[in-house]
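Novice: Take a look at this one; I'll ask things after.
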Amino acid sequence: MKSSGATKRTGAAILDPRMPARLSSPGPSRSGFRKLVRARTAAVVILVLLCAGCGGDSKPGAKEPQIGWRRMGAWTGHGNVQSDSFEIASTQWRIKWETTNETPPGAGTFMVRVHSSISGRPLMVAVQPQHGTGKGIAVVTEDPRLYHLVIESSAVDWSIQVEEAVVGVPEDPKK
């Protein structure tokens with residue numbers, strides 16, 4: 001039997017006498033391959049999250065804009081009143097109200113309407129009719145313009161503050 005370039009078949013492997021012998025495994029099984037892919041994917045995800053967590057702001061100490069409230073007017077009284085006109089430059093503002101000193105008990109009523117100061121027309125009922133004492137905040141979303149309030153009340157003292165929403169970056173209290 002000549003061995004000049006001939007290959008021998010032994011079992012499932014074909015051996016070529018001209019090639020150096022190597023030991024190799026057939027590779028990972030299908031479930032082993034899936035585990036390897038999952039492990040590598042998990043490692044990449046963890047690495048990305050760690051890198052994202054390590055990065056800081058491009059501007060150290062940069063602050064996000066926040067909504068604040070600027071007082072536009074305040075009124076107190078008893079009975080029916082029309083407030084002075086006030087100008088709102090943003091599209092959102094609020095009415096903080098409180099009723100006290102109801103006499104006689106159970107007889108107090110309170111309601112606030114928002115009117116356009118230019119045309120005088122009613123735009124909305126901001127504080128629905130209330131009975132007795134209480135307090136609350138009514139948020140108004142309307143176009144910027146001149147407004148006035150019409151307060152209708154009986155048997156209670158009331159106080160109202162109008163505040164306009166403003167957006168800005170808070171100042172550093174150390175400055």
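Lettering and numbering for the structure tokens are positional, with chains as A, B, ... in the shown order, residues counted from 1 in each chain, and ligands counted from 1 in the shown order.
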Just want the 7 Å neighbourhood of stretch 166-168 of chain A, counted on only C-alpha atoms, with same-chain residues fewer than 6 positions away dropped. Output as a PyMOL selection string.
Specialist: chain A and resi 65-70
Novice: Those residues with N, CA and C atoms, as a compact mmCIF listing (two decimals), in the first residue's frame please?
Specialist:
# COMPACT_ATOMS: atom_id res chain seq x y z
N PRO A 65 -34.64 74.32 33.27
CA PRO A 65 -35.67 75.34 33.47
C PRO A 65 -36.82 74.78 34.32
N GLN A 66 -37.40 75.63 35.13
CA GLN A 66 -38.50 75.24 36.00
C GLN A 66 -39.63 76.25 35.87
N ILE A 67 -40.83 75.81 36.26
CA ILE A 67 -41.98 76.71 36.26
C ILE A 67 -42.08 77.36 37.63
N GLY A 68 -42.19 78.68 37.62
CA GLY A 68 -42.40 79.44 38.85
C GLY A 68 -43.68 80.25 38.70
N TRP A 69 -44.05 80.95 39.75
CA TRP A 69 -45.30 81.72 39.74
C TRP A 69 -45.02 83.14 40.18
N ARG A 70 -45.42 84.11 39.34
CA ARG A 70 -45.26 85.54 39.62
C ARG A 70 -46.62 86.11 40.02
Novice: Give me the residues within 7 Å of A:Gln82 as a ChimeraX atom specification, counting only C-alpha atoms and dropping any in the same chain fewer than 3 places off.
Specialist: /A:149-151
Novice: I need the chosen residues saved as a CSV table (one decimal), in the first residue's frame, with N, CA and C atoms.
Specialist:
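Once everything was written out, this is part_9.csv:
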chain,number,residue,atom,x,y,z
A,149,LEU,N,-61.5,89.8,37.2
A,149,LEU,CA,-62.3,88.8,37.9
A,149,LEU,C,-63.6,89.4,38.4
A,150,VAL,N,-64.7,88.6,38.4
A,150,VAL,CA,-65.9,88.9,39.0
A,150,VAL,C,-66.1,87.9,40.1
A,151,ILE,N,-66.1,88.4,41.3
A,151,ILE,CA,-66.3,87.5,42.5
A,151,ILE,C,-67.7,87.7,43.0
Novice: Which residues, written as a PyMOL selection string, have at least one atom at most 9 Å from A:Met124, with only C-alpha atoms counted and residues fewer than 4 positions away on the same chain left out?
Specialist: chain A and resi 112-115+140
Novice: Write out, as a compact mmCIF listing (two decimals), in the first residue's frame, the residues just selected, with N, CA and C atoms.
Specialist:
# COMPACT_ATOMS: atom_id res chain seq x y z
N VAL A 112 -66.06 82.49 41.31
CA VAL A 112 -65.20 83.44 40.60
C VAL A 112 -65.31 83.19 39.10
N ARG A 113 -65.58 84.29 38.37
CA ARG A 113 -65.62 84.25 36.90
C ARG A 113 -64.46 85.05 36.34
N VAL A 114 -63.91 84.58 35.23
CA VAL A 114 -62.83 85.29 34.52
C VAL A 114 -63.45 86.01 33.33
N HIS A 115 -63.12 87.30 33.19
CA HIS A 115 -63.65 88.13 32.09
C HIS A 115 -62.50 88.75 31.31
N VAL A 140 -55.98 78.44 35.08
CA VAL A 140 -56.62 79.02 33.90
C VAL A 140 -55.66 78.90 32.73
Novice: Applying 9 Å and only C-alpha atoms, which residues near A:Arg71 remain after dropping the ones on its own chain fewer than 2 positions away? List them as a ChimeraX atom specification.
Specialist: /A:69,73-74,161-164
Novice: Could the residues in this selection be written to a file with N, CA and C atoms, as a PDB file, in the first residue's frame?
Specialist:
ATOM      1  N   TRP A  69     -44.052  80.947  39.752  1.00  0.00           N
ATOM      2  CA  TRP A  69     -45.304  81.717  39.737  1.00  0.00           C
ATOM      3  C   TRP A  69     -45.021  83.145  40.176  1.00  0.00           C
ATOM      4  N   GLY A  73     -51.609  90.020  41.224  1.00  0.00           N
ATOM      5  CA  GLY A  73     -52.577  90.836  41.958  1.00  0.00           C
ATOM      6  C   GLY A  73     -53.166  90.051  43.103  1.00  0.00           C
ATOM      7  N   ALA A  74     -53.724  90.777  44.079  1.00  0.00           N
ATOM      8  CA  ALA A  74     -54.358  90.128  45.227  1.00  0.00           C
ATOM      9  C   ALA A  74     -55.513  91.022  45.695  1.00  0.00           C
ATOM     10  N   GLN A 161     -55.572  85.514  45.159  1.00  0.00           N
ATOM     11  CA  GLN A 161     -54.285  85.895  44.572  1.00  0.00           C
ATOM     12  C   GLN A 161     -54.254  85.368  43.154  1.00  0.00           C
ATOM     13  N   VAL A 162     -53.805  86.186  42.216  1.00  0.00           N
ATOM     14  CA  VAL A 162     -53.626  85.757  40.827  1.00  0.00           C
ATOM     15  C   VAL A 162     -52.131  85.649  40.577  1.00  0.00           C
ATOM     16  N   GLU A 163     -51.702  84.502  40.051  1.00  0.00           N
ATOM     17  CA  GLU A 163     -50.286  84.262  39.774  1.00  0.00           C
ATOM     18  C   GLU A 163     -50.123  83.756  38.350  1.00  0.00           C
ATOM     19  N   GLU A 164     -49.126  84.313  37.658  1.00  0.00           N
ATOM     20  CA  GLU A 164     -48.836  83.935  36.271  1.00  0.00           C
ATOM     21  C   GLU A 164     -47.686  82.928  36.249  1.00  0.00           C
TER      22      GLU A 164
END
Novice: Nearest residue to A:Ile95 out of A:Gly136, A:Met111, A:Thr76, A:Pro170, using only C-alpha atoms?
Specialist: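 Counting only C-alpha atoms, the residue closest to A:Ile95 is A:Gly136.
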Novice: Between A:Pro104, A:Trp75, A:Glu152, A:Gln92, which residue has the minimum interatomic distance to A:Val125, considering only C-alpha atoms?
Specialist: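 Distance minimum relative to A:Val125 lands on A:Glu152.
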Novice: From the options A:Ser153, A:Gly134, A:Lys174, A:Thr141, which residue's atoms come nearest to A:Glu98, counting only C-alpha atoms?
Specialist: A:Gly134
Novice: When you count only C-alpha atoms, which of these residues is closest to A:Gly120: A:Arg145, A:Lys63, A:His78, A:Lys135?
Specialist: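 Ranking A:Arg145, A:Lys63, A:His78, A:Lys135 by distance to A:Gly120, first place goes to A:Arg145.
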Novice: Contacts of A:Ile88 at 10 Å or less, counting only C-alpha atoms, minus same-chain residues fewer than 2 places along, as a list in words?
Specialist: Met72, Ser85, Phe86, Ser90, Thr91, Gln92, Trp93, Glu142, Asp143, Pro144, Arg145, Leu146, Tyr147, Val162, Glu163, Glu164 and Ala165 of chain A
